[in-house]
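Coordinates as given in entry-v5.pdb (PDB, C-alpha atoms, pLDDT in the B column):
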ATOM      1  CA  MET A 178     -69.248 -78.835  45.591  1.00 43.00           C
ATOM      2  CA  SER A 179     -69.303 -76.831  48.796  1.00 43.00           C
ATOM      3  CA  ASP A 180     -66.370 -74.630  49.801  1.00 42.00           C
ATOM      4  CA  CYS A 181     -66.813 -75.615  53.428  1.00 40.00           C
ATOM      5  CA  CYS A 182     -64.257 -78.367  53.232  1.00 38.00           C
ATOM      6  CA  HIS A 183     -61.732 -76.540  51.060  1.00 34.00           C
ATOM      7  CA  VAL A 184     -58.299 -76.703  52.619  1.00 32.00           C
ATOM      8  CA  SER A 185     -55.729 -74.122  51.628  1.00 33.00           C
ATOM      9  CA  VAL A 186     -52.687 -75.906  50.297  1.00 35.00           C
ATOM     10  CA  PRO A 187     -49.445 -73.941  50.565  1.00 42.00           C
ATOM     11  CA  ARG A 188     -47.795 -73.262  47.239  1.00 46.00           C
ATOM     12  CA  PRO A 189     -44.217 -74.408  46.702  1.00 43.00           C
ATOM     13  CA  GLY A 190     -41.860 -71.710  47.946  1.00 58.00           C
ATOM     14  CA  ASP A 191     -44.369 -70.109  50.346  1.00 65.00           C
ATOM     15  CA  ASP A 192     -42.112 -71.083  53.257  1.00 79.00           C
ATOM     16  CA  GLU A 193     -39.400 -68.899  51.680  1.00 93.00           C
ATOM     17  CA  LEU A 194     -41.568 -65.761  51.910  1.00 96.00           C
ATOM     18  CA  CYS A 195     -41.636 -63.491  54.931  1.00 97.00           C
ATOM     19  CA  PRO A 196     -45.086 -63.791  56.534  1.00 96.00           C
ATOM     20  CA  VAL A 197     -45.384 -59.991  56.721  1.00 96.00           C
ATOM     21  CA  SER A 198     -43.578 -58.451  53.728  1.00 96.00           C
ATOM     22  CA  ARG A 199     -43.918 -61.506  51.436  1.00 96.00           C
ATOM     23  CA  MET A 200     -40.323 -60.847  50.357  1.00 96.00           C
ATOM     24  CA  LYS A 201     -38.198 -63.917  49.715  1.00 96.00           C
ATOM     25  CA  GLY A 202     -36.038 -64.571  52.755  1.00 97.00           C
ATOM     26  CA  LYS A 203     -32.398 -65.568  52.684  1.00 96.00           C
ATOM     27  CA  PRO A 204     -31.497 -68.867  54.407  1.00 96.00           C
ATOM     28  CA  VAL A 205     -29.682 -68.341  57.701  1.00 97.00           C
ATOM     29  CA  GLU A 206     -28.090 -70.930  59.960  1.00 96.00           C
ATOM     30  CA  LEU A 207     -29.896 -71.815  63.165  1.00 96.00           C
ATOM     31  CA  LEU A 208     -26.693 -71.040  65.103  1.00 96.00           C
ATOM     32  CA  THR A 209     -26.890 -67.407  63.951  1.00 97.00           C
ATOM     33  CA  VAL A 210     -30.523 -67.097  64.986  1.00 98.00           C
ATOM     34  CA  LYS A 211     -29.846 -68.672  68.397  1.00 97.00           C
ATOM     35  CA  ALA A 212     -26.824 -66.454  69.001  1.00 97.00           C
ATOM     36  CA  LEU A 213     -28.712 -63.236  68.299  1.00 98.00           C
ATOM     37  CA  LEU A 214     -32.141 -63.792  69.848  1.00 98.00           C
ATOM     38  CA  THR A 215     -32.934 -62.410  73.284  1.00 98.00           C
ATOM     39  CA  GLU A 216     -33.574 -64.952  76.039  1.00 98.00           C
ATOM     40  CA  PRO A 217     -37.400 -64.783  75.848  1.00 97.00           C
ATOM     41  CA  ALA A 218     -37.357 -65.223  72.062  1.00 97.00           C
ATOM     42  CA  LEU A 219     -34.838 -68.056  72.304  1.00 97.00           C
ATOM     43  CA  GLN A 220     -37.280 -69.938  74.529  1.00 97.00           C
ATOM     44  CA  ARG A 221     -39.701 -70.127  71.566  1.00 96.00           C
ATOM     45  CA  ILE A 222     -37.263 -71.292  68.889  1.00 96.00           C
ATOM     46  CA  ASN A 223     -37.628 -74.591  67.077  1.00 93.00           C
ATOM     47  CA  ASN A 224     -35.231 -76.505  64.853  1.00 92.00           C
ATOM     48  CA  ALA A 225     -36.943 -75.605  61.580  1.00 94.00           C
ATOM     49  CA  ALA A 226     -34.975 -73.952  58.784  1.00 95.00           C
ATOM     50  CA  HIS A 227     -34.908 -70.184  59.336  1.00 97.00           C
ATOM     51  CA  ARG A 228     -34.739 -67.311  56.882  1.00 98.00           C
ATOM     52  CA  PHE A 229     -33.707 -63.663  57.145  1.00 98.00           C
ATOM     53  CA  CYS A 230     -36.082 -60.972  55.867  1.00 97.00           C
ATOM     54  CA  PRO A 231     -34.002 -58.157  54.313  1.00 94.00           C
ATOM     55  CA  ASP A 232     -36.960 -55.810  53.726  1.00 96.00           C
ATOM     56  CA  PRO A 233     -36.104 -52.551  55.572  1.00 96.00           C
ATOM     57  CA  SER A 234     -39.784 -51.665  55.973  1.00 96.00           C
ATOM     58  CA  CYS A 235     -40.604 -54.989  57.669  1.00 97.00           C
ATOM     59  CA  ASP A 236     -40.078 -55.537  61.396  1.00 97.00           C
ATOM     60  CA  VAL A 237     -39.582 -59.299  60.940  1.00 98.00           C
ATOM     61  CA  VAL A 238     -35.928 -60.326  61.005  1.00 98.00           C
ATOM     62  CA  TYR A 239     -36.191 -64.143  61.098  1.00 98.00           C
ATOM     63  CA  PHE A 240     -38.989 -66.534  60.201  1.00 97.00           C
ATOM     64  CA  ASP A 241     -39.351 -70.266  59.668  1.00 95.00           C
ATOM     65  CA  ALA A 242     -41.493 -72.671  57.650  1.00 90.00           C
ATOM     66  CA  GLU A 243     -43.584 -73.543  60.705  1.00 91.00           C
ATOM     67  CA  GLY A 244     -44.886 -69.981  61.067  1.00 91.00           C
ATOM     68  CA  ALA A 245     -42.635 -68.636  63.832  1.00 96.00           C
ATOM     69  CA  SER A 246     -41.147 -65.205  63.348  1.00 97.00           C
ATOM     70  CA  TYR A 247     -38.877 -62.910  65.329  1.00 98.00           C
ATOM     71  CA  VAL A 248     -38.885 -59.109  65.137  1.00 98.00           C
ATOM     72  CA  GLU A 249     -36.144 -56.534  65.667  1.00 97.00           C
ATOM     73  CA  SER A 250     -36.934 -56.022  69.350  1.00 97.00           C
ATOM     74  CA  GLU A 251     -36.241 -59.734  69.931  1.00 98.00           C
ATOM     75  CA  LEU A 252     -32.619 -59.483  68.801  1.00 98.00           C
ATOM     76  CA  ARG A 253     -29.587 -58.589  70.885  1.00 97.00           C
ATOM     77  CA  VAL A 254     -28.211 -56.249  68.192  1.00 96.00           C
ATOM     78  CA  PRO A 255     -29.731 -53.703  65.831  1.00 96.00           C
ATOM     79  CA  VAL A 256     -30.075 -55.066  62.297  1.00 97.00           C
ATOM     80  CA  TRP A 257     -28.455 -52.622  59.895  1.00 94.00           C
ATOM     81  CA  GLN A 258     -30.785 -53.546  57.018  1.00 94.00           C
ATOM     82  CA  LYS A 259     -33.716 -52.446  59.192  1.00 96.00           C
ATOM     83  CA  GLU A 260     -32.180 -49.219  60.545  1.00 94.00           C
ATOM     84  CA  PRO A 261     -32.171 -45.779  58.900  1.00 93.00           C
ATOM     85  CA  PHE A 262     -29.032 -44.668  57.052  1.00 93.00           C
ATOM     86  CA  GLY A 263     -26.487 -42.725  59.059  1.00 92.00           C
ATOM     87  CA  ASN A 264     -25.022 -44.606  61.993  1.00 91.00           C
ATOM     88  CA  ARG A 265     -25.773 -48.265  61.269  1.00 95.00           C
ATOM     89  CA  THR A 266     -23.280 -50.951  62.237  1.00 96.00           C
ATOM     90  CA  VAL A 267     -22.346 -52.768  59.045  1.00 97.00           C
ATOM     91  CA  CYS A 268     -19.580 -55.074  60.295  1.00 97.00           C
ATOM     92  CA  TYR A 269     -20.543 -56.750  63.553  1.00 97.00           C
ATOM     93  CA  CYS A 270     -17.144 -58.390  64.058  1.00 96.00           C
ATOM     94  CA  PHE A 271     -14.945 -55.303  63.808  1.00 97.00           C
ATOM     95  CA  GLY A 272     -17.352 -52.481  64.627  1.00 95.00           C
ATOM     96  CA  VAL A 273     -17.455 -50.764  61.260  1.00 97.00           C
ATOM     97  CA  SER A 274     -20.390 -48.383  61.100  1.00 97.00           C
ATOM     98  CA  GLU A 275     -21.528 -45.715  58.696  1.00 97.00           C
ATOM     99  CA  ALA A 276     -20.518 -43.162  61.338  1.00 97.00           C
ATOM    100  CA  SER A 277     -16.973 -44.577  61.616  1.00 97.00           C
ATOM    101  CA  ILE A 278     -16.660 -44.639  57.811  1.00 98.00           C
ATOM    102  CA  ARG A 279     -17.865 -41.026  57.615  1.00 97.00           C
ATOM    103  CA  GLU A 280     -15.409 -39.900  60.293  1.00 97.00           C
ATOM    104  CA  GLU A 281     -12.508 -41.691  58.598  1.00 97.00           C
ATOM    105  CA  ILE A 282     -13.334 -40.027  55.271  1.00 97.00           C
ATOM    106  CA  ARG A 283     -13.583 -36.603  56.917  1.00 95.00           C
ATOM    107  CA  THR A 284     -10.286 -37.134  58.745  1.00 97.00           C
ATOM    108  CA  THR A 285      -8.172 -38.824  56.072  1.00 97.00           C
ATOM    109  CA  GLY A 286     -10.021 -38.187  52.822  1.00 95.00           C
ATOM    110  CA  ARG A 287     -10.916 -41.851  52.262  1.00 96.00           C
ATOM    111  CA  SER A 288     -12.067 -44.970  54.056  1.00 98.00           C
ATOM    112  CA  GLU A 289      -9.968 -48.094  54.295  1.00 98.00           C
ATOM    113  CA  ALA A 290     -12.723 -50.032  56.090  1.00 98.00           C
ATOM    114  CA  THR A 291     -13.099 -52.516  53.238  1.00 98.00           C
ATOM    115  CA  GLU A 292      -9.367 -53.224  53.174  1.00 98.00           C
ATOM    116  CA  ARG A 293      -9.235 -53.625  56.978  1.00 97.00           C
ATOM    117  CA  VAL A 294     -12.145 -56.051  57.028  1.00 97.00           C
ATOM    118  CA  ARG A 295     -10.666 -57.963  54.080  1.00 97.00           C
ATOM    119  CA  ALA A 296      -7.373 -58.320  56.016  1.00 98.00           C
ATOM    120  CA  HIS A 297      -9.211 -59.598  59.108  1.00 97.00           C
ATOM    121  CA  ILE A 298     -11.085 -62.130  56.964  1.00 97.00           C
ATOM    122  CA  ALA A 299      -7.809 -63.304  55.389  1.00 97.00           C
ATOM    123  CA  ALA A 300      -6.343 -63.729  58.883  1.00 97.00           C
ATOM    124  CA  GLY A 301      -9.319 -65.912  59.888  1.00 96.00           C
ATOM    125  CA  ARG A 302     -10.641 -63.473  62.507  1.00 96.00           C
ATOM    126  CA  CYS A 303     -14.200 -62.871  61.321  1.00 94.00           C
ATOM    127  CA  ALA A 304     -17.259 -64.554  62.801  1.00 96.00           C
ATOM    128  CA  CYS A 305     -19.888 -63.234  60.398  1.00 94.00           C
ATOM    129  CA  GLU A 306     -21.729 -66.536  60.363  1.00 93.00           C
ATOM    130  CA  VAL A 307     -22.598 -65.933  64.026  1.00 95.00           C
ATOM    131  CA  ARG A 308     -22.364 -62.180  64.650  1.00 96.00           C
ATOM    132  CA  ASN A 309     -23.937 -60.777  61.473  1.00 97.00           C
ATOM    133  CA  PRO A 310     -27.746 -61.067  61.663  1.00 97.00           C
ATOM    134  CA  ARG A 311     -27.775 -62.081  57.995  1.00 95.00           C
ATOM    135  CA  GLY A 312     -25.393 -64.916  58.884  1.00 95.00           C
ATOM    136  CA  ALA A 313     -23.102 -64.172  55.964  1.00 95.00           C
ATOM    137  CA  CYS A 314     -19.879 -62.329  55.225  1.00 95.00           C
ATOM    138  CA  CYS A 315     -20.247 -58.562  55.508  1.00 95.00           C
ATOM    139  CA  LEU A 316     -17.417 -57.543  53.150  1.00 97.00           C
ATOM    140  CA  SER A 317     -19.745 -56.582  50.294  1.00 96.00           C
ATOM    141  CA  ASP A 318     -21.969 -54.723  52.805  1.00 96.00           C
ATOM    142  CA  VAL A 319     -18.951 -52.743  54.049  1.00 97.00           C
ATOM    143  CA  ALA A 320     -17.887 -51.859  50.502  1.00 98.00           C
ATOM    144  CA  ALA A 321     -21.454 -50.751  49.685  1.00 97.00           C
ATOM    145  CA  ALA A 322     -21.604 -48.719  52.910  1.00 97.00           C
ATOM    146  CA  VAL A 323     -18.392 -46.900  51.981  1.00 98.00           C
ATOM    147  CA  ARG A 324     -19.915 -46.019  48.591  1.00 97.00           C
ATOM    148  CA  ARG A 325     -23.173 -44.832  50.232  1.00 96.00           C
ATOM    149  CA  VAL A 326     -21.336 -42.650  52.756  1.00 97.00           C
ATOM    150  CA  GLU A 327     -19.068 -41.202  50.052  1.00 96.00           C
ATOM    151  CA  ALA A 328     -22.130 -40.376  47.914  1.00 95.00           C
ATOM    152  CA  ASP A 329     -23.893 -38.827  50.905  1.00 94.00           C
ATOM    153  CA  LEU A 330     -20.856 -36.675  51.748  1.00 94.00           C
ATOM    154  CA  ARG A 331     -20.555 -35.556  48.094  1.00 90.00           C
ATOM    155  CA  ALA A 332     -24.242 -34.670  48.001  1.00 90.00           C
ATOM    156  CA  SER A 333     -24.064 -32.722  51.256  1.00 86.00           C
ATOM    157  CA  THR A 334     -20.949 -30.862  50.018  1.00 77.00           C
ATOM    158  CA  GLU A 335     -22.708 -29.945  46.763  1.00 69.00           C
ATOM    159  CA  VAL A 336     -25.751 -28.662  48.660  1.00 64.00           C
ATOM    160  CA  ALA A 337     -23.505 -26.547  50.911  1.00 59.00           C
ATOM    161  CA  ARG A 338     -21.937 -24.810  47.894  1.00 57.00           C
TER     162      ARG A 338
END
If you convert what's in this file into structure tokens, what do you get?
Amino acid sequence: MSDCCHVSVPRPGDDELCPVSRMKGKPVELLTVKALLTEPALQRINNAAHRFCPDPSCDVVYFDAEGASYVESELRVPVWQKEPFGNRTVCYCFGVSEASIREEIRTTGRSEATERVRAHIAAGRCACEVRNPRGACCLSDVAAAVRRVEADLRASTEVAR
């Protein structure tokens, strides 16, 4: 049989893979995508299910099963997962960044960012589902950022000795 009529059939789960990195994307609500896209990108959006690509080496932030994708430059905010370590915003609701965590540790000896964000969440003040590009709660991201900054400060202190 000739290959001329062979049609490529997508494999189950292919729509879950970023078209560039081929990393499995995390589902994200359409409201999040709409809230964070720039106006020109928003004009191209469709109602398909969207996914978030967490791969830091990939420029794609959102993609859908119909083949549309949106890159970092098409978002209103920098995406911390895509930015280099140092000054990334980790909590988009309350402005916690690696720089603010670092400064708090230098000033007070520790960071209470995780506790502050946890208190805001308990008080019903967070809007992670809309403001965080991943569309999910950032509390675990903040806790991980505190650990990364603490480790970085320890390493830089050890090198200075």
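The space separating CA of Cys303 in chain A from CA of Cys315 in chain A comes to 9.4 Å.
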One decimal, Å: what's the distance from CA of Arg295 in chain A over to CA of Pro261 in chain A, could you say? 25.2 Å
Give as a PyMOL selection string the residues that the PyMOL selection byres ((chain A and resi 270) around 8) matches when applied to the coordinates above. chain A and resi 268-269+271-272+303-305+308-309
So what do you get for CA of Val256 in chain A versus CA of Thr334 in chain A, distance-wise?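 Between CA of Val256 in chain A and CA of Thr334 in chain A the gap works out to 28.6 Å.
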So which residues touch Glu249 in chain A within 10 Å, counting only C-alpha atoms, skipping near sequence neighbours fewer than 4 positions away, as JSON, numbers by chain? {"A": [214, 235, 236, 237, 238, 239, 253, 254, 255, 256, 259, 260]}
Using all atoms listed in the file, which of A:Arg293, A:Arg199, A:Val205, A:Ala245 sits nearest Asn223 in chain A?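 Ranked by minimum distance to Asn223 in chain A, first place goes to A:Ala245.
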Where does the PyMOL selection byres ((chain A and resi 193) around 8) land in this file, that is, which residues does it pick, as a PyMOL selection string? chain A and resi 190-192+194-195+201-203+228+242
Residue nearest Leu316 in chain A - candidates A:Asp241, A:Glu275, A:Glu280, A:Glu292, atoms counted: all atoms listed in the file: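 Looking only at the distances to Leu316 in chain A, the closest residue turns out to be A:Glu292.
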Find the residue from A:Leu208, A:Cys314, A:Ala290, A:Ile298 that sits nearest to Asn224 in chain A; use all atoms listed in the file when measuring. A:Leu208
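Using only C-alpha atoms, the residues found no farther than 10 Å from range 324-333 of chain A, other than those of its own chain fewer than 3 positions away, are Phe262, Gly263, Glu275, Ala276, Ile278, Arg279, Glu280, Ile282, Arg283, Gly286, Arg287, Ser288, Asp318, Val319, Ala320, Ala321, Val336, Ala337 and Arg338 of chain A.
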Can I get the selection written as a short mmCIF file (atom, residue, chain, number, x, y, z; two decimals), in the coordinates of the input, with C-alpha atoms?
data_model
loop_
_atom_site.label_atom_id
_atom_site.label_comp_id
_atom_site.auth_asym_id
_atom_site.auth_seq_id
_atom_site.Cartn_x
_atom_site.Cartn_y
_atom_site.Cartn_z
CA PHE A 262 -29.03 -44.67 57.05
CA GLY A 263 -26.49 -42.72 59.06
CA GLU A 275 -21.53 -45.72 58.70
CA ALA A 276 -20.52 -43.16 61.34
CA ILE A 278 -16.66 -44.64 57.81
CA ARG A 279 -17.86 -41.03 57.62
CA GLU A 280 -15.41 -39.90 60.29
CA ILE A 282 -13.33 -40.03 55.27
CA ARG A 283 -13.58 -36.60 56.92
CA GLY A 286 -10.02 -38.19 52.82
CA ARG A 287 -10.92 -41.85 52.26
CA SER A 288 -12.07 -44.97 54.06
CA ASP A 318 -21.97 -54.72 52.80
CA VAL A 319 -18.95 -52.74 54.05
CA ALA A 320 -17.89 -51.86 50.50
CA ALA A 321 -21.45 -50.75 49.68
CA VAL A 336 -25.75 -28.66 48.66
CA ALA A 337 -23.50 -26.55 50.91
CA ARG A 338 -21.94 -24.81 47.89
#
Using only C-alpha atoms for the distances, tell me which of A:Ala300, A:Leu213, A:Ala225, A:Val294 is nearest to Ser274 in chain A.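 Residue with the minimum atom-to-atom distance to Ser274 in chain A: A:Val294.
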Residue among A:Gly312, A:Glu289, A:Pro231, A:Pro217 lying closest to Trp257 in chain A, counting all atoms listed in the file: A:Pro231
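Of the residues listed (A:Tyr247, A:Val307, A:Val323, A:Arg221), A:Val323 shows the shortest atom-to-atom separation from Val267 in chain A; distances use all atoms listed in the file.
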